[in-house]
Amino acid sequence: MDPVLRNTPAVARTPVPQAVDARRTERLCHATGLLLVLSGLAHLVVFAVDGGPWDGPVSWRKPVTFGVSFGVTLIAVTWVTSYLRVGPRPRALLLAVFAADCAVEVGGITLQAWRGVPSHLDMETPFDTAVSMTLAVGGGVLVVLLTVFAVASFRHRPSGPAGMDLAVRSGFAILLVALASGAAMIARGVVLTRTGHQEAAYHSTAPLKPLHGVSLHAVLVLPALAWLLSRTPWSEPLRRRLLYAAIGSYVTAVIGAAVWAALTY
């Protein structure tokens with residue numbers, strides 16, 4: 001048999017399982033993200049019926065905002081990472097861990113909301129401590145996973161329509177600000193809790209919340225804008241200018257939130 005013909009089937013079969021696994025993982029992540037969003041919206045109904053405070057360490061706001069935010073972020077990261085030059089299997093593994101971590105975070109927060117106790121920085125009982133530490137460790141895992149994706153976006157130029165490379169890199173760069181501010185909130189809160197300042201720990205995260213919230217979703221907003229612009233009949237230079245303006249506006253908003261955090265921290 002001709003060596004070329006003998007080797008051809010093996011070459012053709014090799015990438016197929018990887019591609020199938022990647023598609024399955026993407027569907028899993030999209031389904032998980034949708035369930036998290038629906039969970040958040042369902043708790044908005046619970047809040048409307050049950051009432052109670054919207055702010056504070058114990059409120060229905062947390063399962064609402066965290067459910068929607070984690071769900072949207074999971075769906076966004078799953079989509080955006082398809083433009084990264086990462087192998088199918090490593091990407092599928094990272095996304096699977098990311099989806100599981102998002103589910104654990106939202107699940108822990110939702111559980112504590114139904115129990116009527118704080119989800120973060122609560123060390124009152126062994127169970128509450130276990131939940132709080134699980135959420136803290138889960139936050140660390142999120143930081144590692146998203147940083148890996150961010151590094152990958154800068155190591156190799158992302159693919160996609162014109163401007164997508166700039167949008168993806170900018171989105172991940174701003175996302176790193178969200179990760180840093182989130183880590184700072186957890187670290188300061190844990191220190192205050194361990195030193196006996198429980199109430200101060202609950203309130204210590206307030207100055208950084210706007211910065212964290214604004215910078216968290218750049219990884220969706222900017223690539224989505226680049227994708228929408230690629231569907232217009234406008235010239236590429238015009239689309240680039242609009243994208244640059246959007247990135248500049250987003251960076252300005254992040255800087256404003258950072259200044260406010262610095263002044264009120």
# chains A, B, ... in the order shown; residues from 1 in each chain; ligands from 1

$ residues_around --residues "Ser59 of chain A" --least-positions-apart "6" --cutoff "12 Å" --atoms "only C-alpha atoms" --output "list in words"
His43, Leu44, Val46, Phe47, Ala48, Asp50, Gly51, Gly52, Pro53, Thr65, Phe66, Ile109, Thr110, Leu111, Gln112, Ala113, Trp114, Arg115, Gly116, Val117, Pro118 and Ser119 of chain A

$ closest_atom_pairs --of "segment 153-240 of chain A" --to "segment 139-146 of chain A" --cutoff "10 Å" --atoms "only C-alpha atoms" --output "JSON lines"
{"residue": "A:Phe172", "atom": "CA", "partner": "A:Leu146", "partner_atom": "CA", "distance": 8.1}
{"residue": "A:Leu175", "atom": "CA", "partner": "A:Leu146", "partner_atom": "CA", "distance": 8.3}
{"residue": "A:Leu176", "atom": "CA", "partner": "A:Leu146", "partner_atom": "CA", "distance": 8.0}
{"residue": "A:Ala178", "atom": "CA", "partner": "A:Val143", "partner_atom": "CA", "distance": 9.4}
{"residue": "A:Leu179", "atom": "CA", "partner": "A:Val143", "partner_atom": "CA", "distance": 5.9}
{"residue": "A:Ala180", "atom": "CA", "partner": "A:Val143", "partner_atom": "CA", "distance": 8.3}
{"residue": "A:Gly182", "atom": "CA", "partner": "A:Gly139", "partner_atom": "CA", "distance": 8.1}
{"residue": "A:Ala183", "atom": "CA", "partner": "A:Gly140", "partner_atom": "CA", "distance": 7.6}
{"residue": "A:Ile186", "atom": "CA", "partner": "A:Gly139", "partner_atom": "CA", "distance": 8.6}

$ write_last_selection --atoms "all heavy atoms" --output "PDB file, in the first residue's frame"
ATOM      1  N   PHE A 172      -9.673  41.446  27.699  1.00  0.00           N
ATOM      2  CA  PHE A 172      -8.958  40.661  28.698  1.00  0.00           C
ATOM      3  C   PHE A 172      -8.065  41.546  29.570  1.00  0.00           C
ATOM      4  O   PHE A 172      -7.914  41.285  30.770  1.00  0.00           O
ATOM      5  CB  PHE A 172      -8.132  39.566  28.033  1.00  0.00           C
ATOM      6  CG  PHE A 172      -8.890  38.293  27.799  1.00  0.00           C
ATOM      7  CD1 PHE A 172      -9.149  37.844  26.526  1.00  0.00           C
ATOM      8  CD2 PHE A 172      -9.355  37.540  28.869  1.00  0.00           C
ATOM      9  CE1 PHE A 172      -9.866  36.672  26.305  1.00  0.00           C
ATOM     10  CE2 PHE A 172     -10.062  36.365  28.665  1.00  0.00           C
ATOM     11  CZ  PHE A 172     -10.329  35.932  27.381  1.00  0.00           C
ATOM     12  N   LEU A 175     -10.277  43.053  31.994  1.00  0.00           N
ATOM     13  CA  LEU A 175     -10.735  41.999  32.896  1.00  0.00           C
ATOM     14  C   LEU A 175      -9.728  41.738  34.011  1.00  0.00           C
ATOM     15  O   LEU A 175     -10.104  41.427  35.145  1.00  0.00           O
ATOM     16  CB  LEU A 175     -10.985  40.714  32.106  1.00  0.00           C
ATOM     17  CG  LEU A 175     -11.423  39.481  32.915  1.00  0.00           C
ATOM     18  CD1 LEU A 175     -12.768  39.736  33.597  1.00  0.00           C
ATOM     19  CD2 LEU A 175     -11.516  38.261  32.013  1.00  0.00           C
ATOM     20  N   LEU A 176      -8.440  41.885  33.705  1.00  0.00           N
ATOM     21  CA  LEU A 176      -7.417  41.703  34.740  1.00  0.00           C
ATOM     22  C   LEU A 176      -7.591  42.713  35.872  1.00  0.00           C
ATOM     23  O   LEU A 176      -7.276  42.410  37.027  1.00  0.00           O
ATOM     24  CB  LEU A 176      -6.023  41.833  34.118  1.00  0.00           C
ATOM     25  CG  LEU A 176      -5.617  40.723  33.133  1.00  0.00           C
ATOM     26  CD1 LEU A 176      -4.240  41.008  32.558  1.00  0.00           C
ATOM     27  CD2 LEU A 176      -5.636  39.359  33.818  1.00  0.00           C
ATOM     28  N   ALA A 178     -10.500  43.765  36.887  1.00  0.00           N
ATOM     29  CA  ALA A 178     -11.593  43.203  37.684  1.00  0.00           C
ATOM     30  C   ALA A 178     -11.081  42.104  38.603  1.00  0.00           C
ATOM     31  O   ALA A 178     -11.489  42.011  39.765  1.00  0.00           O
ATOM     32  CB  ALA A 178     -12.680  42.656  36.761  1.00  0.00           C
ATOM     33  N   LEU A 179     -10.193  41.269  38.073  1.00  0.00           N
ATOM     34  CA  LEU A 179      -9.644  40.191  38.894  1.00  0.00           C
ATOM     35  C   LEU A 179      -8.823  40.742  40.054  1.00  0.00           C
ATOM     36  O   LEU A 179      -8.917  40.253  41.184  1.00  0.00           O
ATOM     37  CB  LEU A 179      -8.774  39.278  38.026  1.00  0.00           C
ATOM     38  CG  LEU A 179      -9.475  38.578  36.851  1.00  0.00           C
ATOM     39  CD1 LEU A 179      -8.487  37.707  36.093  1.00  0.00           C
ATOM     40  CD2 LEU A 179     -10.664  37.758  37.335  1.00  0.00           C
ATOM     41  N   ALA A 180      -8.023  41.772  39.776  1.00  0.00           N
ATOM     42  CA  ALA A 180      -7.198  42.371  40.832  1.00  0.00           C
ATOM     43  C   ALA A 180      -8.066  43.018  41.905  1.00  0.00           C
ATOM     44  O   ALA A 180      -7.803  42.865  43.107  1.00  0.00           O
ATOM     45  CB  ALA A 180      -6.240  43.394  40.222  1.00  0.00           C
ATOM     46  N   GLY A 182     -11.184  42.260  42.626  1.00  0.00           N
ATOM     47  CA  GLY A 182     -11.875  41.198  43.351  1.00  0.00           C
ATOM     48  C   GLY A 182     -10.971  40.539  44.375  1.00  0.00           C
ATOM     49  O   GLY A 182     -11.393  40.272  45.510  1.00  0.00           O
ATOM     50  N   ALA A 183      -9.729  40.275  43.986  1.00  0.00           N
ATOM     51  CA  ALA A 183      -8.774  39.681  44.917  1.00  0.00           C
ATOM     52  C   ALA A 183      -8.502  40.622  46.090  1.00  0.00           C
ATOM     53  O   ALA A 183      -8.365  40.178  47.242  1.00  0.00           O
ATOM     54  CB  ALA A 183      -7.477  39.351  44.193  1.00  0.00           C
ATOM     55  N   ILE A 186     -11.424  40.434  48.589  1.00  0.00           N
ATOM     56  CA  ILE A 186     -11.394  39.214  49.391  1.00  0.00           C
ATOM     57  C   ILE A 186     -10.274  39.274  50.427  1.00  0.00           C
ATOM     58  O   ILE A 186     -10.470  38.954  51.608  1.00  0.00           O
ATOM     59  CB  ILE A 186     -11.219  37.983  48.483  1.00  0.00           C
ATOM     60  CG1 ILE A 186     -12.456  37.802  47.603  1.00  0.00           C
ATOM     61  CG2 ILE A 186     -10.973  36.731  49.314  1.00  0.00           C
ATOM     62  CD1 ILE A 186     -12.315  36.710  46.565  1.00  0.00           C
TER      63      ILE A 186
END

$ closest_atom_pairs --of "segment 167-238 of chain A" --to "segment 78-90 of chain A" --cutoff "9 Å" --atoms "only C-alpha atoms" --output "tab-separated table"
residue	atom	partner	partner_atom	distance
A:Val168	CA	A:Val80	CA	7.0
A:Val219	CA	A:Val80	CA	7.6
A:Leu220	CA	A:Val80	CA	7.6
A:Pro223	CA	A:Val80	CA	7.2
A:Ala224	CA	A:Val80	CA	9.0

$ write_last_selection --atoms "N, CA and C atoms" --output "PDB file, in the first residue's frame"
ATOM      1  N   VAL A 168     -10.560  41.733  21.752  1.00  0.00           N
ATOM      2  CA  VAL A 168     -10.336  40.622  22.675  1.00  0.00           C
ATOM      3  C   VAL A 168      -9.204  40.949  23.638  1.00  0.00           C
ATOM      4  N   VAL A 219     -14.796  42.090  28.590  1.00  0.00           N
ATOM      5  CA  VAL A 219     -14.460  40.947  27.746  1.00  0.00           C
ATOM      6  C   VAL A 219     -15.657  40.503  26.912  1.00  0.00           C
ATOM      7  N   LEU A 220     -16.851  40.949  27.275  1.00  0.00           N
ATOM      8  CA  LEU A 220     -18.041  40.704  26.446  1.00  0.00           C
ATOM      9  C   LEU A 220     -18.373  41.919  25.587  1.00  0.00           C
ATOM     10  N   PRO A 223     -15.589  42.759  22.463  1.00  0.00           N
ATOM     11  CA  PRO A 223     -15.668  41.812  21.342  1.00  0.00           C
ATOM     12  C   PRO A 223     -17.032  41.802  20.669  1.00  0.00           C
ATOM     13  N   ALA A 224     -18.108  41.952  21.450  1.00  0.00           N
ATOM     14  CA  ALA A 224     -19.439  42.005  20.842  1.00  0.00           C
ATOM     15  C   ALA A 224     -19.564  43.211  19.925  1.00  0.00           C
TER      16      ALA A 224
END

$ select_by_dssp --residues "segment 55-105 of chain A" --states "helix (DSSP H, G or I)" --output "ChimeraX atom specification"
/A:61-83,88-105

$ residues_around --residues "Gly107 of chain A" --least-positions-apart "2" --cutoff "12 Å" --atoms "only C-alpha atoms" --output "PyMOL selection string"
chain A and resi 32+35-36+39-40+62-64+66-67+70-71+100-105+109-114+119+131-132+134-135+138

$ closest_residue --among "A:Val49, A:Ile75, A:Leu38, A:Ala162" --to "Glu26 of chain A" --atoms "only C-alpha atoms"
A:Ile75

$ atom_distance --atom1 "atom CA of Asp21 of chain A" --atom2 "atom CA of Val97 of chain A"
14.0 Å

$ residues_around --residues "Ala187 of chain A" --least-positions-apart "2" --cutoff "12 Å" --atoms "only C-alpha atoms" --output "PyMOL selection string"
chain A and resi 120-121+133+136-137+139-140+180-185+189-194+201+204-205

$ atom_distance --atom1 "atom CA of Ala130 of chain A" --atom2 "atom CA of Tyr265 of chain A"
27.7 Å

$ residues_around --residues "Arg169 of chain A" --least-positions-apart "3" --cutoff "9 Å" --atoms "only C-alpha atoms" --output "list in words"
Ala150, Ser153, Phe154, Arg157, Pro158, Met164, Asp165, Leu166, Phe172, Ala173, Ile174 and Val219 of chain A

$ atom_distance --atom1 "atom CA of Thr252 of chain A" --atom2 "atom CA of Pro57 of chain A"
29.5 Å

$ closest_residue --among "A:Leu28, A:Asp55, A:Ala42, A:Phe149" --to "Ala96 of chain A" --atoms "only C-alpha atoms"
A:Leu28

$ closest_residue --among "A:Ala261, A:Val151, A:Leu34, A:Leu95" --to "Val72 of chain A" --atoms "only C-alpha atoms"
A:Leu34

$ closest_residue --among "A:Leu263, A:Ala206, A:Ala167, A:Ala200" --to "Tyr250 of chain A" --atoms "only C-alpha atoms"
A:Ala167
